[in-house]
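One structure is given here, and the rest of the page talks about it.
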Amino acid sequence: MENLFFWYEDKVREGKIRSYGIALEYMGKEPLETKWHFELEEIKRRADIAGKEKSSLKYVIFEYNIDCPYLQSTVSQMVAGEKVTLAEDCHRLGFETVASMPFAMGDALKNHSVKELLEFALSGSDHVIVGSKNVKHIEEILKYI
């Protein structure tokens, strides 16, 4: 992982990118499952080594939607010796959270509107990645923004 951070930090120093992120999808989906677990404090420490004390690692991406609310609801991280949620850990460490899959792969659209799902995702994260193959849903998204 450190080698990857060094590569990204080189790209920042070269002026090719301003910042970068890390996607921890399964941590958001199954935050208490040890096989997916990373301590974000350790990730930040390693990125900061690559960034010479201040990395350009800015974003942490998780699955976050009405059917997968664990980013905000499950205490699974330690930061400065305190147990916190993934979202709280991200903010304390200076990361911005990015919610992916706000429609739960389309499953949540069976019981909720596009507006409800986007509002839920935005209420618990700093940014949302939205995608759909359905033209009607894309039109709804465009009306919402």
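Letters A, B, ... go to the chains of the structure tokens in the order shown; residues in each chain start at 1; ligands are counted from 1 in the same order.
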Self-check item: Test item, alpha helix (DSSP H) assignment across chain A, answer as a ChimeraX atom specification
Solution: /A:2-13,25-29,40-50,70-73,86-92,114-124,135-144
Considering only C-alpha atoms, give me a table of residues in range 46-82 of chain A that are at most 7 Å from range 5-25 of chain A, with the closest atom pair and distance in Å for each, as a Markdown table.
```
| residue | atom | partner | partner_atom | distance |
| --- | --- | --- | --- | --- |
| A:Ala47 | CA | A:Phe5 | CA | 5.5 |
| A:Ala50 | CA | A:Phe6 | CA | 4.8 |
| A:Gly51 | CA | A:Glu9 | CA | 5.7 |
| A:Ser56 | CA | A:Ser19 | CA | 4.8 |
| A:Leu57 | CA | A:Tyr20 | CA | 5.1 |
| A:Lys58 | CA | A:Gly21 | CA | 5.6 |
| A:Tyr59 | CA | A:Gly21 | CA | 4.1 |
| A:Val60 | CA | A:Ile22 | CA | 5.1 |
| A:Ile61 | CA | A:Ala23 | CA | 4.4 |
| A:Phe62 | CA | A:Glu25 | CA | 4.5 |
| A:Glu63 | CA | A:Glu25 | CA | 5.2 |
```
Keeping only N, CA, C and O atoms, take the residues you just selected and write them out as an mmCIF file, in the first residue's frame.
```cif
data_model
loop_
_atom_site.group_PDB
_atom_site.id
_atom_site.type_symbol
_atom_site.label_atom_id
_atom_site.label_comp_id
_atom_site.auth_asym_id
_atom_site.auth_seq_id
_atom_site.Cartn_x
_atom_site.Cartn_y
_atom_site.Cartn_z
ATOM 1 N N ALA A 47 0.103 6.975 4.282
ATOM 2 C CA ALA A 47 0.007 7.977 3.218
ATOM 3 C C ALA A 47 0.837 9.209 3.567
ATOM 4 O O ALA A 47 1.510 9.782 2.704
ATOM 5 N N ALA A 50 4.444 8.750 2.739
ATOM 6 C CA ALA A 50 4.676 8.948 1.309
ATOM 7 C C ALA A 50 4.607 10.426 0.934
ATOM 8 O O ALA A 50 5.314 10.874 0.033
ATOM 9 N N GLY A 51 3.762 11.171 1.623
ATOM 10 C CA GLY A 51 3.593 12.593 1.335
ATOM 11 C C GLY A 51 4.534 13.477 2.115
ATOM 12 O O GLY A 51 4.336 14.691 2.155
ATOM 13 N N SER A 56 -1.608 13.820 0.162
ATOM 14 C CA SER A 56 -2.710 14.375 -0.626
ATOM 15 C C SER A 56 -3.859 13.383 -0.720
ATOM 16 O O SER A 56 -4.760 13.547 -1.548
ATOM 17 N N LEU A 57 -3.832 12.359 0.136
ATOM 18 C CA LEU A 57 -4.952 11.417 0.234
ATOM 19 C C LEU A 57 -6.109 12.184 0.865
ATOM 20 O O LEU A 57 -6.031 12.612 2.017
ATOM 21 N N LYS A 58 -7.187 12.389 0.089
ATOM 22 C CA LYS A 58 -8.257 13.272 0.532
ATOM 23 C C LYS A 58 -9.605 12.576 0.688
ATOM 24 O O LYS A 58 -10.426 12.975 1.504
ATOM 25 N N TYR A 59 -9.858 11.525 -0.119
ATOM 26 C CA TYR A 59 -11.189 10.923 -0.162
ATOM 27 C C TYR A 59 -11.170 9.468 0.274
ATOM 28 O O TYR A 59 -10.248 8.733 -0.040
ATOM 29 N N VAL A 60 -12.232 9.070 0.961
ATOM 30 C CA VAL A 60 -12.459 7.663 1.285
ATOM 31 C C VAL A 60 -13.857 7.325 0.770
ATOM 32 O O VAL A 60 -14.842 7.975 1.118
ATOM 33 N N ILE A 61 -13.904 6.310 -0.093
ATOM 34 C CA ILE A 61 -15.143 5.916 -0.746
ATOM 35 C C ILE A 61 -15.669 4.630 -0.119
ATOM 36 O O ILE A 61 -14.911 3.675 0.059
ATOM 37 N N PHE A 62 -16.949 4.641 0.212
ATOM 38 C CA PHE A 62 -17.632 3.481 0.795
ATOM 39 C C PHE A 62 -18.975 3.301 0.123
ATOM 40 O O PHE A 62 -19.570 4.267 -0.333
ATOM 41 N N GLU A 63 -19.477 2.064 0.127
ATOM 42 C CA GLU A 63 -20.877 1.877 -0.242
ATOM 43 C C GLU A 63 -21.694 2.488 0.890
ATOM 44 O O GLU A 63 -21.485 2.189 2.068
#
```
Self-check item: 10 Å contact set for range 123-131 of chain A, only C-alpha atoms, chain neighbours under 2 positions out, as number ranges by chain
Solution: A: 59, 61-65, 69, 71-73, 87, 91, 95-103, 105-106, 117-121, 133-134, 137-138, 141
